[in-house]
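Trainee: Structure: query.cif, mmCIF, C-alpha atoms.
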```cif
data_my_file
loop_
_atom_site.label_atom_id
_atom_site.label_comp_id
_atom_site.auth_asym_id
_atom_site.auth_seq_id
_atom_site.Cartn_x
_atom_site.Cartn_y
_atom_site.Cartn_z
CA MET R 1 -26.48 -17.97 -0.82
CA SER R 2 -27.75 -14.97 -2.75
CA ASN R 3 -26.81 -11.44 -1.83
CA PRO R 4 -26.05 -11.95 1.88
CA GLU R 5 -24.55 -8.50 2.33
CA GLY R 6 -27.47 -6.14 2.48
CA SER R 7 -28.95 -4.06 -0.27
CA ALA R 8 -26.24 -4.98 -2.77
CA MET R 9 -26.70 -2.98 -5.95
CA ALA R 10 -27.35 0.65 -5.24
CA GLY R 11 -30.58 0.75 -7.19
CA GLY R 12 -30.77 4.53 -7.21
CA ALA R 13 -28.74 7.67 -6.82
CA ALA R 14 -27.35 8.42 -3.37
CA SER R 15 -28.68 11.84 -2.50
CA LEU R 16 -26.73 12.43 0.70
CA GLY R 17 -26.83 16.07 1.68
CA ALA R 18 -25.22 18.10 -1.10
CA VAL R 19 -23.70 14.99 -2.75
CA ASP R 20 -25.74 13.19 -5.37
CA ILE R 21 -23.84 10.24 -6.81
CA ASP R 22 -25.29 8.75 -9.98
CA ALA R 23 -26.99 5.34 -9.67
CA GLY R 24 -24.84 3.92 -12.43
CA ILE R 25 -21.66 4.81 -10.54
CA LEU R 26 -23.01 3.24 -7.36
CA ASP R 27 -23.96 0.04 -9.17
CA ARG R 28 -20.50 -0.12 -10.73
CA MET R 29 -18.95 0.50 -7.30
CA ILE R 30 -20.63 -2.64 -5.92
CA GLU R 31 -19.72 -4.60 -9.03
CA ILE R 32 -16.06 -3.59 -8.62
CA ARG R 33 -16.06 -4.43 -4.94
CA ARG R 34 -17.38 -7.94 -5.61
CA HIS R 35 -14.96 -8.54 -8.47
CA LEU R 36 -12.02 -7.57 -6.26
CA HIS R 37 -13.36 -9.69 -3.42
CA ARG R 38 -13.60 -12.67 -5.73
CA ASN R 39 -10.07 -12.07 -7.06
CA PRO R 40 -7.91 -10.95 -4.12
CA GLU R 41 -4.16 -10.46 -4.40
CA LEU R 42 -1.51 -10.24 -1.70
CA SER R 43 0.70 -7.23 -1.01
CA ASN R 44 3.13 -6.31 -3.78
CA ARG R 45 1.45 -8.81 -6.11
CA GLU R 46 -1.61 -6.78 -7.12
CA ALA R 47 -0.97 -6.88 -10.88
CA ASP R 48 -4.46 -8.03 -11.89
CA THR R 49 -6.07 -5.64 -9.39
CA GLN R 50 -4.07 -2.75 -10.84
CA ARG R 51 -5.01 -3.74 -14.39
CA TYR R 52 -8.70 -4.10 -13.53
CA LEU R 53 -8.93 -0.76 -11.71
CA ARG R 54 -7.20 0.97 -14.58
CA GLN R 55 -9.77 -0.50 -16.97
CA MET R 56 -12.71 0.56 -14.78
CA LEU R 57 -11.40 4.10 -14.38
CA ALA R 58 -10.69 4.43 -18.09
CA GLY R 59 -14.24 3.28 -18.74
CA GLN R 60 -15.41 6.45 -16.99
CA GLY R 61 -13.41 8.59 -19.41
CA ILE R 62 -10.55 9.17 -16.96
CA THR R 63 -7.26 9.36 -18.85
CA ASP R 64 -4.76 10.73 -16.30
CA ILE R 65 -3.91 7.35 -14.74
CA ARG R 66 -0.36 6.47 -13.70
CA ASP R 67 1.34 3.54 -12.01
CA VAL R 68 2.64 4.14 -8.49
CA ALA R 69 4.42 2.09 -5.81
CA GLY R 70 4.79 -0.92 -8.06
CA PHE R 71 1.23 -2.22 -8.26
CA GLY R 72 -0.82 0.88 -7.47
CA LEU R 73 -2.42 3.70 -9.42
CA ALA R 74 -2.81 7.44 -9.03
CA VAL R 75 -5.54 9.49 -10.69
CA ASP R 76 -5.74 13.29 -10.70
CA ILE R 77 -9.23 14.76 -11.08
CA VAL R 78 -8.77 18.44 -11.91
CA GLY R 79 -11.73 20.74 -11.40
CA THR R 80 -12.61 23.19 -14.13
CA GLY R 81 -14.67 25.50 -11.94
CA LYS R 82 -13.21 28.41 -10.00
CA PRO R 83 -9.40 28.35 -10.57
CA SER R 84 -7.49 26.92 -7.62
CA ASN R 85 -4.03 25.51 -6.91
CA ARG R 86 -5.34 23.58 -3.91
CA LYS R 87 -4.73 19.79 -3.95
CA ILE R 88 -5.93 16.98 -1.72
CA ALA R 89 -5.16 13.26 -1.81
CA ILE R 90 -7.49 10.37 -0.97
CA ARG R 91 -5.81 7.04 -0.23
CA ALA R 92 -7.56 3.72 -0.97
CA ASP R 93 -5.58 0.55 -0.28
CA ILE R 94 -6.10 -2.47 -2.54
CA ASP R 95 -4.26 -5.53 -1.17
CA ALA R 96 -5.64 -8.66 0.51
CA LEU R 97 -4.52 -11.00 3.29
CA PRO R 98 -3.23 -14.60 3.46
CA ILE R 99 -6.47 -15.94 4.99
CA GLU R 100 -8.71 -18.79 3.84
CA GLU R 101 -12.17 -17.29 3.37
CA GLU R 102 -15.16 -18.63 5.35
CA SER R 103 -17.60 -15.75 4.83
CA GLY R 104 -20.19 -17.74 2.88
CA VAL R 105 -20.84 -14.95 0.37
CA ASP R 106 -21.56 -16.09 -3.18
CA TYR R 107 -18.68 -14.01 -4.53
CA ALA R 108 -16.10 -15.44 -2.12
CA SER R 109 -12.43 -15.59 -3.00
CA THR R 110 -11.44 -17.90 -5.82
CA ASN R 111 -7.78 -17.57 -4.84
CA PRO R 112 -7.13 -20.27 -2.21
CA GLY R 113 -5.66 -18.93 0.99
CA VAL R 114 -6.14 -15.27 0.04
CA MET R 115 -9.04 -13.07 1.16
CA HIS R 116 -10.09 -9.44 1.36
CA ALA R 117 -10.57 -9.75 5.13
CA CYS R 118 -9.78 -6.10 5.89
CA GLY R 119 -12.16 -4.37 3.49
CA HIS R 120 -9.61 -3.06 1.02
CA ASP R 121 -11.89 -4.19 -1.79
CA ALA R 122 -14.49 -1.80 -0.37
CA HIS R 123 -11.91 0.98 -0.07
CA ALA R 124 -10.85 0.57 -3.70
CA SER R 125 -14.43 0.53 -4.96
CA MET R 126 -15.31 3.67 -3.00
CA GLY R 127 -12.18 5.29 -4.43
CA PHE R 128 -13.49 4.43 -7.89
CA ALA R 129 -16.88 5.98 -7.09
CA VAL R 130 -15.26 9.18 -5.84
CA ALA R 131 -13.08 9.45 -8.95
CA ALA R 132 -15.97 8.75 -11.32
CA HIS R 133 -18.30 11.24 -9.62
CA LEU R 134 -15.70 14.01 -9.44
CA HIS R 135 -14.72 13.44 -13.06
CA ARG R 136 -18.33 13.95 -14.14
CA SER R 137 -18.75 17.03 -11.95
CA ARG R 138 -15.44 18.77 -12.70
CA ALA R 139 -17.21 22.02 -13.50
CA ASP R 140 -18.53 22.22 -9.94
CA PHE R 141 -15.19 22.68 -8.21
CA GLY R 142 -11.66 24.01 -8.63
CA GLY R 143 -8.39 22.43 -7.59
CA THR R 144 -7.24 18.80 -7.76
CA VAL R 145 -8.25 15.58 -6.04
CA ARG R 146 -5.61 12.87 -6.30
CA LEU R 147 -6.98 9.34 -5.83
CA ILE R 148 -4.18 7.00 -4.76
CA PHE R 149 -4.99 3.32 -5.11
CA GLN R 150 -2.21 2.04 -2.88
CA PRO R 151 -0.77 -1.48 -2.87
CA ALA R 152 0.90 -3.29 0.04
CA GLU R 153 -0.72 -1.81 3.12
CA GLU R 154 -0.67 -5.22 4.82
CA ASP R 155 2.94 -6.24 4.29
CA SER R 156 6.39 -4.90 3.55
CA PRO R 157 7.82 -3.25 1.64
CA SER R 158 5.10 -0.77 2.53
CA GLY R 159 3.11 0.75 -0.30
CA GLY R 160 2.40 3.84 1.78
CA LYS R 161 6.08 4.44 2.32
CA ARG R 162 6.76 3.99 -1.39
CA VAL R 163 4.01 6.48 -2.27
CA VAL R 164 5.72 9.10 -0.13
CA GLU R 165 9.18 8.22 -1.44
CA GLU R 166 7.95 8.55 -5.03
CA GLY R 167 6.84 12.12 -4.34
CA LEU R 168 3.07 11.61 -4.65
CA LEU R 169 2.49 13.94 -1.69
CA ASP R 170 5.11 16.57 -2.53
CA ASP R 171 2.56 18.85 -4.24
CA ILE R 172 -0.38 17.86 -2.02
CA ASP R 173 -1.83 20.09 0.72
CA ALA R 174 -3.59 17.39 2.76
CA ALA R 175 -4.65 13.75 2.67
CA ILE R 176 -7.65 11.61 3.65
CA CYS R 177 -7.97 7.87 4.28
CA LEU R 178 -11.16 5.93 5.01
CA HIS R 179 -11.28 2.47 6.60
CA VAL R 180 -14.34 0.26 7.12
CA ASP R 181 -15.08 -0.43 10.78
CA PRO R 182 -17.04 -3.53 11.92
CA TYR R 183 -17.37 -2.14 15.45
CA THR R 184 -19.29 1.01 14.45
CA PRO R 185 -22.96 0.86 13.35
CA SER R 186 -23.37 0.72 9.60
CA GLY R 187 -23.56 4.03 7.79
CA LYS R 188 -22.04 6.12 10.58
CA ILE R 189 -18.73 7.98 10.36
CA ALA R 190 -16.21 8.01 13.23
CA VAL R 191 -13.36 10.50 13.54
CA SER R 192 -11.40 12.51 16.09
CA SER R 193 -8.16 14.48 16.14
CA GLY R 194 -4.85 13.36 17.58
CA PRO R 195 -3.25 9.87 17.59
CA TYR R 196 -5.57 7.53 15.70
CA THR R 197 -3.65 4.34 14.91
CA LEU R 198 -0.58 2.82 16.52
CA ALA R 199 2.92 2.48 15.17
CA CYS R 200 3.64 -1.15 14.32
CA ASP R 201 7.01 -2.88 14.49
CA THR R 202 7.73 -6.59 14.08
CA PHE R 203 10.28 -8.85 15.71
CA ASP R 204 11.87 -12.21 15.03
CA ALA R 205 13.73 -14.17 17.71
CA ILE R 206 15.65 -17.42 17.55
CA VAL R 207 15.98 -19.13 20.93
CA ILE R 208 19.01 -21.40 20.97
CA GLY R 209 19.23 -24.14 23.58
CA GLU R 210 20.70 -27.63 23.36
CA ALA R 211 18.91 -30.69 22.01
CA ALA R 212 18.56 -33.79 24.18
CA HIS R 213 16.57 -37.00 24.52
CA ALA R 214 13.03 -36.33 25.73
CA ALA R 215 13.62 -38.84 28.53
CA LYS R 216 16.64 -36.86 29.76
CA PRO R 217 15.84 -33.14 29.43
CA TYR R 218 18.46 -32.31 32.08
CA GLU R 219 21.15 -33.21 29.57
CA GLY R 220 20.13 -30.34 27.29
CA VAL R 221 18.52 -26.89 27.35
CA ASP R 222 14.85 -27.00 26.33
CA ALA R 223 14.37 -24.15 23.86
CA ILE R 224 10.60 -24.61 23.93
CA ALA R 225 10.47 -24.12 27.71
CA VAL R 226 12.65 -21.04 27.39
CA ALA R 227 10.44 -19.62 24.64
CA CYS R 228 7.29 -20.20 26.72
CA SER R 229 8.83 -18.21 29.58
CA MET R 230 9.61 -15.42 27.13
CA VAL R 231 6.03 -15.24 25.86
CA GLY R 232 4.64 -14.85 29.36
CA GLU R 233 7.19 -12.30 30.53
CA LEU R 234 6.74 -10.08 27.46
CA GLN R 235 3.14 -9.39 28.50
CA LYS R 236 4.32 -7.87 31.76
CA ILE R 237 5.81 -4.97 29.83
CA VAL R 238 2.26 -3.94 28.96
CA SER R 239 0.52 -4.86 32.20
CA ARG R 240 3.16 -3.69 34.70
CA GLU R 241 5.49 -1.15 33.09
CA ILE R 242 3.37 1.11 30.87
CA ASP R 243 0.75 3.72 31.75
CA PRO R 244 -2.56 2.23 30.55
CA TYR R 245 -3.41 5.59 28.98
CA ASP R 246 -0.31 5.28 26.77
CA PRO R 247 -1.17 2.48 24.33
CA LEU R 248 1.13 -0.49 23.89
CA VAL R 249 0.24 -3.92 22.51
CA ILE R 250 2.82 -6.71 22.30
CA SER R 251 1.65 -9.88 20.58
CA VAL R 252 3.60 -13.05 19.94
CA THR R 253 2.01 -14.32 16.74
CA GLY R 254 4.18 -17.30 15.89
CA ILE R 255 6.19 -19.99 17.64
CA ASN R 256 7.88 -22.82 15.79
CA GLY R 257 10.25 -25.47 17.04
CA GLY R 258 10.79 -29.16 17.62
CA SER R 259 10.94 -32.02 15.17
CA ALA R 260 10.13 -35.28 16.98
CA TYR R 261 8.18 -36.62 19.95
CA ASN R 262 11.30 -37.90 21.67
CA VAL R 263 13.68 -34.98 21.12
CA ILE R 264 14.05 -31.89 23.30
CA ALA R 265 14.10 -28.95 20.87
CA GLY R 266 17.39 -27.15 20.61
CA LYS R 267 16.04 -24.21 18.65
CA VAL R 268 12.73 -22.31 18.58
CA ALA R 269 11.63 -19.35 16.44
CA LEU R 270 9.34 -16.63 17.80
CA LYS R 271 7.76 -13.74 15.92
CA GLY R 272 5.37 -10.96 16.81
CA THR R 273 4.43 -7.30 16.76
CA ILE R 274 4.99 -4.26 18.96
CA ARG R 275 2.29 -1.60 18.60
CA SER R 276 2.82 1.71 20.35
CA GLY R 277 1.09 5.05 20.68
CA SER R 278 4.07 7.33 21.35
CA ASP R 279 7.73 7.56 20.39
CA ALA R 280 8.83 7.23 24.01
CA THR R 281 6.81 4.08 24.56
CA ARG R 282 8.01 2.67 21.25
CA GLU R 283 11.65 3.12 22.28
CA ARG R 284 10.99 1.71 25.76
CA ALA R 285 9.23 -1.35 24.33
CA TRP R 286 12.12 -2.10 21.97
CA ARG R 287 14.59 -1.88 24.85
CA ARG R 288 12.55 -3.97 27.26
CA VAL R 289 11.76 -6.70 24.71
CA ARG R 290 15.48 -7.11 24.12
CA GLU R 291 16.37 -7.02 27.83
CA ILE R 292 13.71 -9.55 28.76
CA LEU R 293 14.46 -12.04 26.00
CA GLU R 294 18.20 -11.87 26.56
CA GLY R 295 17.79 -12.08 30.34
CA ILE R 296 15.51 -15.12 30.21
CA ALA R 297 17.81 -16.84 27.76
CA VAL R 298 20.82 -16.35 30.03
CA SER R 299 18.90 -17.48 33.11
CA HIS R 300 18.09 -20.78 31.40
CA GLY R 301 21.53 -21.35 29.97
CA ALA R 302 20.33 -20.54 26.45
CA SER R 303 20.94 -17.68 24.03
CA VAL R 304 18.71 -15.62 21.74
CA GLN R 305 19.14 -13.83 18.44
CA LEU R 306 16.67 -10.94 18.20
CA ASP R 307 15.84 -8.70 15.26
CA ILE R 308 13.32 -5.86 15.62
CA HIS R 309 12.10 -4.28 12.39
CA ARG R 310 10.79 -0.71 12.40
CA GLY R 311 7.42 -0.52 10.69
CA GLU R 312 4.91 2.19 9.92
CA PRO R 313 4.43 5.17 12.23
CA GLY R 314 1.14 5.85 13.92
CA VAL R 315 -1.45 8.01 12.18
CA ILE R 316 -1.92 11.44 13.74
CA ASN R 317 -5.19 13.09 12.74
CA ASP R 318 -4.81 16.80 12.08
CA VAL R 319 -7.27 18.93 14.06
CA GLU R 320 -8.54 20.96 11.10
CA MET R 321 -8.80 17.89 8.87
CA ALA R 322 -10.80 16.03 11.51
CA GLU R 323 -13.12 19.02 11.75
CA LEU R 324 -13.45 19.02 7.96
CA ILE R 325 -14.57 15.38 7.99
CA ALA R 326 -17.03 15.98 10.83
CA ALA R 327 -18.57 18.93 9.02
CA SER R 328 -18.74 17.03 5.72
CA GLY R 329 -20.25 13.98 7.37
CA LYS R 330 -22.91 16.07 9.10
CA THR R 331 -23.83 17.60 5.74
CA CYS R 332 -24.15 14.16 4.15
CA ILE R 333 -25.72 12.02 6.86
CA GLY R 334 -26.67 14.28 9.76
CA ALA R 335 -24.95 15.16 13.01
CA ASP R 336 -26.29 12.09 14.84
CA ASN R 337 -24.39 9.83 12.46
CA VAL R 338 -20.99 11.46 12.93
CA LEU R 339 -19.23 10.07 15.99
CA ASN R 340 -16.33 11.62 17.89
CA THR R 341 -14.61 8.27 18.45
CA PRO R 342 -11.06 7.74 19.73
CA GLY R 343 -8.53 5.90 17.60
CA TRP R 344 -7.97 2.16 17.60
CA THR R 345 -4.99 -0.14 18.15
CA ILE R 346 -4.59 -1.32 14.57
CA ALA R 347 -1.68 -0.02 12.49
CA ASP R 348 -1.88 1.47 9.02
CA ASP R 349 0.86 2.72 6.73
CA PHE R 350 -1.22 5.83 6.15
CA GLY R 351 1.01 6.96 9.02
CA TYR R 352 3.63 7.78 6.40
CA PHE R 353 1.10 10.17 4.82
CA SER R 354 0.32 11.88 8.14
CA GLU R 355 4.06 12.37 8.77
CA LYS R 356 4.29 14.23 5.47
CA ARG R 357 1.09 16.25 5.24
CA PRO R 358 -1.91 17.28 7.40
CA SER R 359 -4.04 14.16 7.26
CA VAL R 360 -7.11 12.48 8.62
CA TYR R 361 -8.00 8.80 9.00
CA ILE R 362 -11.74 8.17 9.26
CA ARG R 363 -13.78 5.06 9.97
CA LEU R 364 -16.92 4.02 8.12
CA GLY R 365 -19.24 1.88 10.20
CA ILE R 366 -20.31 -1.40 8.56
CA ARG R 367 -21.65 -3.29 11.57
CA ASN R 368 -25.04 -4.79 10.67
CA GLU R 369 -26.16 -7.99 12.37
CA VAL R 370 -28.98 -8.51 9.87
CA VAL R 371 -26.53 -9.12 7.02
CA GLY R 372 -23.83 -10.79 9.11
CA SER R 373 -21.42 -7.87 9.04
CA VAL R 374 -20.26 -8.46 12.61
CA TYR R 375 -16.88 -10.18 12.37
CA PRO R 376 -13.65 -8.30 13.16
CA LEU R 377 -11.05 -7.26 10.63
CA HIS R 378 -8.74 -10.11 9.52
CA HIS R 379 -11.35 -12.74 10.42
CA PRO R 380 -12.08 -15.51 7.86
CA LYS R 381 -15.83 -14.77 8.17
CA PHE R 382 -15.43 -11.00 7.73
CA ARG R 383 -18.21 -9.37 5.69
CA VAL R 384 -19.03 -5.83 4.58
CA ASP R 385 -22.46 -4.23 4.69
CA GLU R 386 -22.39 -2.83 1.17
CA ALA R 387 -25.22 -0.39 1.92
CA ALA R 388 -22.70 1.71 3.87
CA LEU R 389 -20.37 2.23 0.91
CA LYS R 390 -22.39 5.02 -0.68
CA VAL R 391 -22.12 6.90 2.64
CA GLY R 392 -18.34 6.53 2.58
CA ALA R 393 -18.07 7.64 -1.04
CA ALA R 394 -20.35 10.65 -0.51
CA THR R 395 -18.47 11.73 2.62
CA LEU R 396 -15.14 11.58 0.79
CA VAL R 397 -16.56 13.64 -2.09
CA ALA R 398 -18.00 16.22 0.30
CA ALA R 399 -14.78 16.48 2.30
CA ALA R 400 -12.57 16.84 -0.77
CA THR R 401 -14.69 19.51 -2.42
CA ARG R 402 -15.14 21.37 0.87
CA PHE R 403 -11.36 21.41 1.35
CA LEU R 404 -10.77 22.73 -2.15
CA SER R 405 -13.36 25.47 -1.70
CA THR R 406 -11.70 26.87 1.44
CA GLU R 407 -8.63 28.19 -0.34
CA ASN R 408 -9.79 31.80 -0.31
CA ASN R 409 -10.88 31.62 3.31
CA ASP R 410 -7.47 30.71 4.77
#
```
Kindly return the structure encoded in the file as structure tokens.
Mentor:
Amino acid sequence: MSNPEGSAMAGGAASLGAVDIDAGILDRMIEIRRHLHRNPELSNREADTQRYLRQMLAGQGITDIRDVAGFGLAVDIVGTGKPSNRKIAIRADIDALPIEEESGVDYASTNPGVMHACGHDAHASMGFAVAAHLHRSRADFGGTVRLIFQPAEEDSPSGGKRVVEEGLLDDIDAAICLHVDPYTPSGKIAVSSGPYTLACDTFDAIVIGEAAHAAKPYEGVDAIAVACSMVGELQKIVSREIDPYDPLVISVTGINGGSAYNVIAGKVALKGTIRSGSDATRERAWRRVREILEGIAVSHGASVQLDIHRGEPGVINDVEMAELIAASGKTCIGADNVLNTPGWTIADDFGYFSEKRPSVYIRLGIRNEVVGSVYPLHHPKFRVDEAALKVGAATLVAAATRFLSTENND
């Protein structure tokens, strides 16, 4: 199948409002995206990805490249125009997921069981385009844009947390993150202020019953039956205990137990996630998950060992940063293509950035039925409409340079 994802190579400069990205950079952006898609790496294992991105950036004459967070990179592009101490960071994540690819693209993953099913290959390639363009146009702006190619967004230990711990935001005034969005029409930008992603915690539970012969279940305690009761009751926290305007999503994503057809399982493992939109709901969910699992276990004559692991905080979009993105997007693609869209229920460790500095998380629409870019994130058939990437890159350039130019207007 040749070129199933839209216009593919850029074929010409992207003149989007005041941003004019060179055709060669756009072509290289698509080339990089496809290389990364073909060679995905899991969280905290992105050694080849790191090496490749370093090579591509160096090929643009960029020399200030440093390793961060284990397998990531940071690049400072310092403007030589009007002097400014203003600094802004742009985060681009680079890791893939443990998913067997079924997209059908001719540059599909060659790493069995690993796929860029969340668009991080697109994020990294847009980050490259932004760095390359700003490096060539340093004389047009003052201040510093720090591109952070972040590893391990999908798994722990979190790359976003490590970036903050390593001090990459200590001298930064604000931060931007862009994520592709298969629910928004291709080429449009979505953003709004306030809570924009949910906090995400994980849990592991071991349900301990008593094994017995399958013909005599009354002689034991069926851990599978107990676990099934737990799965159903957990959903009532969301449907019956939480205000529907206060987001909470509890998902059991794994259940494992039993070893033979004729043996009642004495032990079952459960795992899942707790995604919450406020600190109060997060604390309530933790408490109620524990109370429900322990209560059900006792009522069945079983016991449970529960561990809840605190994950990334939710992303809070700063009001002024959201306005900056909206204004920049309108300059690049017109007001009709900038959507004031509420946040979504996914989690993202960019939340560690937004805890530290005024930040904004924006979504780039990639939904295009013509090229098959219709599948949700983390789906084995996920595709990206590559024609949208130049819009994302141009919007990031416009937002960064607009932010740097406002120093004297504060």
Trainee: Suppose a student applies the PyMOL selection byres ((chain R and resi 142) around 6) to this structure; what residues should they get, written as a PyMOL selection string?
Mentor: chain R and resi 79-84+141+143
Trainee: Can you list, as a PyMOL selection string, every protein, DNA or RNA residue that comes within 9 Å of region 96-106 of chain R when you count all atoms listed in the file, leaving out same-chain residues fewer than 2 positions away?
Mentor: chain R and resi 1-5+37+40-43+46+94+108-109+111-121+152-155+378-383
Trainee: Expressed in Å to a single decimal, how great is the separation between CA of Lys330 (chain R) and CA of Ala398 (chain R)?
Mentor: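 Separation between CA of Lys330 (chain R) and CA of Ala398 (chain R): 10.1 Å.
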Trainee: Evaluate the PyMOL selection byres ((chain R and resi 315) around 9) against this structure - the residues, as a list in words, please.
Mentor: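 So the PyMOL selection byres ((chain R and resi 315) around 9) ends up selecting Gly194, Pro195, Tyr196, Thr197, Leu198, Ala199, Glu312, Pro313, Gly314, Ile316, Asn317, Ala347, Asp348, Asp349, Phe350, Gly351, Tyr352, Phe353, Ser354, Glu355, Ser359, Val360 and Tyr361 of chain R.
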Trainee: What does the structure give for the distance between CA of Arg146 (chain R) and CA of Asp76 (chain R), in Å to one decimal?
Mentor: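 According to the coordinates, CA of Arg146 (chain R) and CA of Asp76 (chain R) are separated by 4.4 Å.
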Trainee: Please return, as number ranges by chain, all polymer residues that have at least one atom within 8 Å of the point (18.1, -19.0, 23.9); use all atoms listed in the file and the file's own coordinate frame.
Mentor: R: 206-209, 223, 226-227, 267, 294, 296-298, 300-305
Trainee: In Å to one decimal, how far is CA of Ala215 (chain R) from CA of Tyr261 (chain R)?
Mentor: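 These two atoms are separated by 10.4 Å.
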Trainee: Can you list what the PyMOL selection byres ((chain R and resi 374) around 12) grabs from this structure, as an MDAnalysis selection string?
Mentor: chainID R and resid 5 103 180:186 365:373 375:377 379:385
Trainee: Just C-alpha atoms for this one: save the residues we selected as a short mmCIF file (atom, residue, chain, number, x, y, z; two decimals), in the coordinates of the input.
Mentor:
```
data_model
loop_
_atom_site.label_atom_id
_atom_site.label_comp_id
_atom_site.auth_asym_id
_atom_site.auth_seq_id
_atom_site.Cartn_x
_atom_site.Cartn_y
_atom_site.Cartn_z
CA GLU R 5 -24.55 -8.50 2.33
CA SER R 103 -17.60 -15.75 4.83
CA VAL R 180 -14.34 0.26 7.12
CA ASP R 181 -15.08 -0.43 10.78
CA PRO R 182 -17.04 -3.53 11.92
CA TYR R 183 -17.37 -2.14 15.45
CA THR R 184 -19.29 1.01 14.45
CA PRO R 185 -22.96 0.86 13.35
CA SER R 186 -23.37 0.72 9.60
CA GLY R 365 -19.24 1.88 10.20
CA ILE R 366 -20.31 -1.40 8.56
CA ARG R 367 -21.65 -3.29 11.57
CA ASN R 368 -25.04 -4.79 10.67
CA GLU R 369 -26.16 -7.99 12.37
CA VAL R 370 -28.98 -8.51 9.87
CA VAL R 371 -26.53 -9.12 7.02
CA GLY R 372 -23.83 -10.79 9.11
CA SER R 373 -21.42 -7.87 9.04
CA TYR R 375 -16.88 -10.18 12.37
CA PRO R 376 -13.65 -8.30 13.16
CA LEU R 377 -11.05 -7.26 10.63
CA HIS R 379 -11.35 -12.74 10.42
CA PRO R 380 -12.08 -15.51 7.86
CA LYS R 381 -15.83 -14.77 8.17
CA PHE R 382 -15.43 -11.00 7.73
CA ARG R 383 -18.21 -9.37 5.69
CA VAL R 384 -19.03 -5.83 4.58
CA ASP R 385 -22.46 -4.23 4.69
#
```
Trainee: Report as a CSV table (one decimal) with C-alpha atoms, in the frame of the given file all protein, DNA and RNA residues lying within 9 Å of Leu16 (chain R), evaluated on all atoms listed in the file, omitting residues in the same chain fewer than 5 positions from it.
Mentor:
```csv
chain,number,residue,atom,x,y,z
R,21,ILE,CA,-23.8,10.2,-6.8
R,331,THR,CA,-23.8,17.6,5.7
R,332,CYS,CA,-24.2,14.2,4.2
R,333,ILE,CA,-25.7,12.0,6.9
R,390,LYS,CA,-22.4,5.0,-0.7
R,391,VAL,CA,-22.1,6.9,2.6
R,394,ALA,CA,-20.4,10.6,-0.5
R,395,THR,CA,-18.5,11.7,2.6
```
Trainee: I'd like the neighbourhood of Asp170 (chain R) as a ChimeraX atom specification, where a residue qualifies if any of its atoms comes within 10 Å (using only C-alpha atoms), though same-chain residues fewer than 4 positions away should be ignored.
Mentor: /R:164-166,356-357
Trainee: Can you rebuild region 152-163 of chain R with N, CA and C atoms and give it as a compact mmCIF listing (two decimals), in the frame of the given file?
Mentor:
```txt
# COMPACT_ATOMS: atom_id res chain seq x y z
N ALA R 152 0.01 -2.89 -1.06
CA ALA R 152 0.90 -3.29 0.04
C ALA R 152 0.71 -2.49 1.32
N GLU R 153 -0.52 -2.37 1.79
CA GLU R 153 -0.72 -1.81 3.12
C GLU R 153 -0.47 -2.87 4.18
N GLU R 154 -0.72 -4.14 3.83
CA GLU R 154 -0.67 -5.22 4.82
C GLU R 154 0.71 -5.81 5.05
N ASP R 155 1.65 -5.57 4.17
CA ASP R 155 2.94 -6.24 4.29
C ASP R 155 4.04 -5.33 3.75
N SER R 156 5.26 -5.70 4.03
CA SER R 156 6.39 -4.90 3.55
C SER R 156 6.96 -5.50 2.27
N PRO R 157 7.62 -4.69 1.45
CA PRO R 157 7.82 -3.25 1.64
C PRO R 157 6.52 -2.47 1.52
N SER R 158 6.35 -1.51 2.41
CA SER R 158 5.10 -0.77 2.53
C SER R 158 4.78 0.06 1.30
N GLY R 159 3.55 -0.08 0.81
CA GLY R 159 3.11 0.75 -0.30
C GLY R 159 2.97 2.20 0.09
N GLY R 160 2.52 2.46 1.33
CA GLY R 160 2.40 3.84 1.78
C GLY R 160 3.72 4.55 1.83
N LYS R 161 4.75 3.85 2.29
CA LYS R 161 6.08 4.44 2.32
C LYS R 161 6.58 4.72 0.92
N ARG R 162 6.32 3.80 0.00
CA ARG R 162 6.76 3.99 -1.39
C ARG R 162 6.03 5.17 -2.03
N VAL R 163 4.75 5.34 -1.73
CA VAL R 163 4.01 6.48 -2.27
C VAL R 163 4.68 7.78 -1.87
```
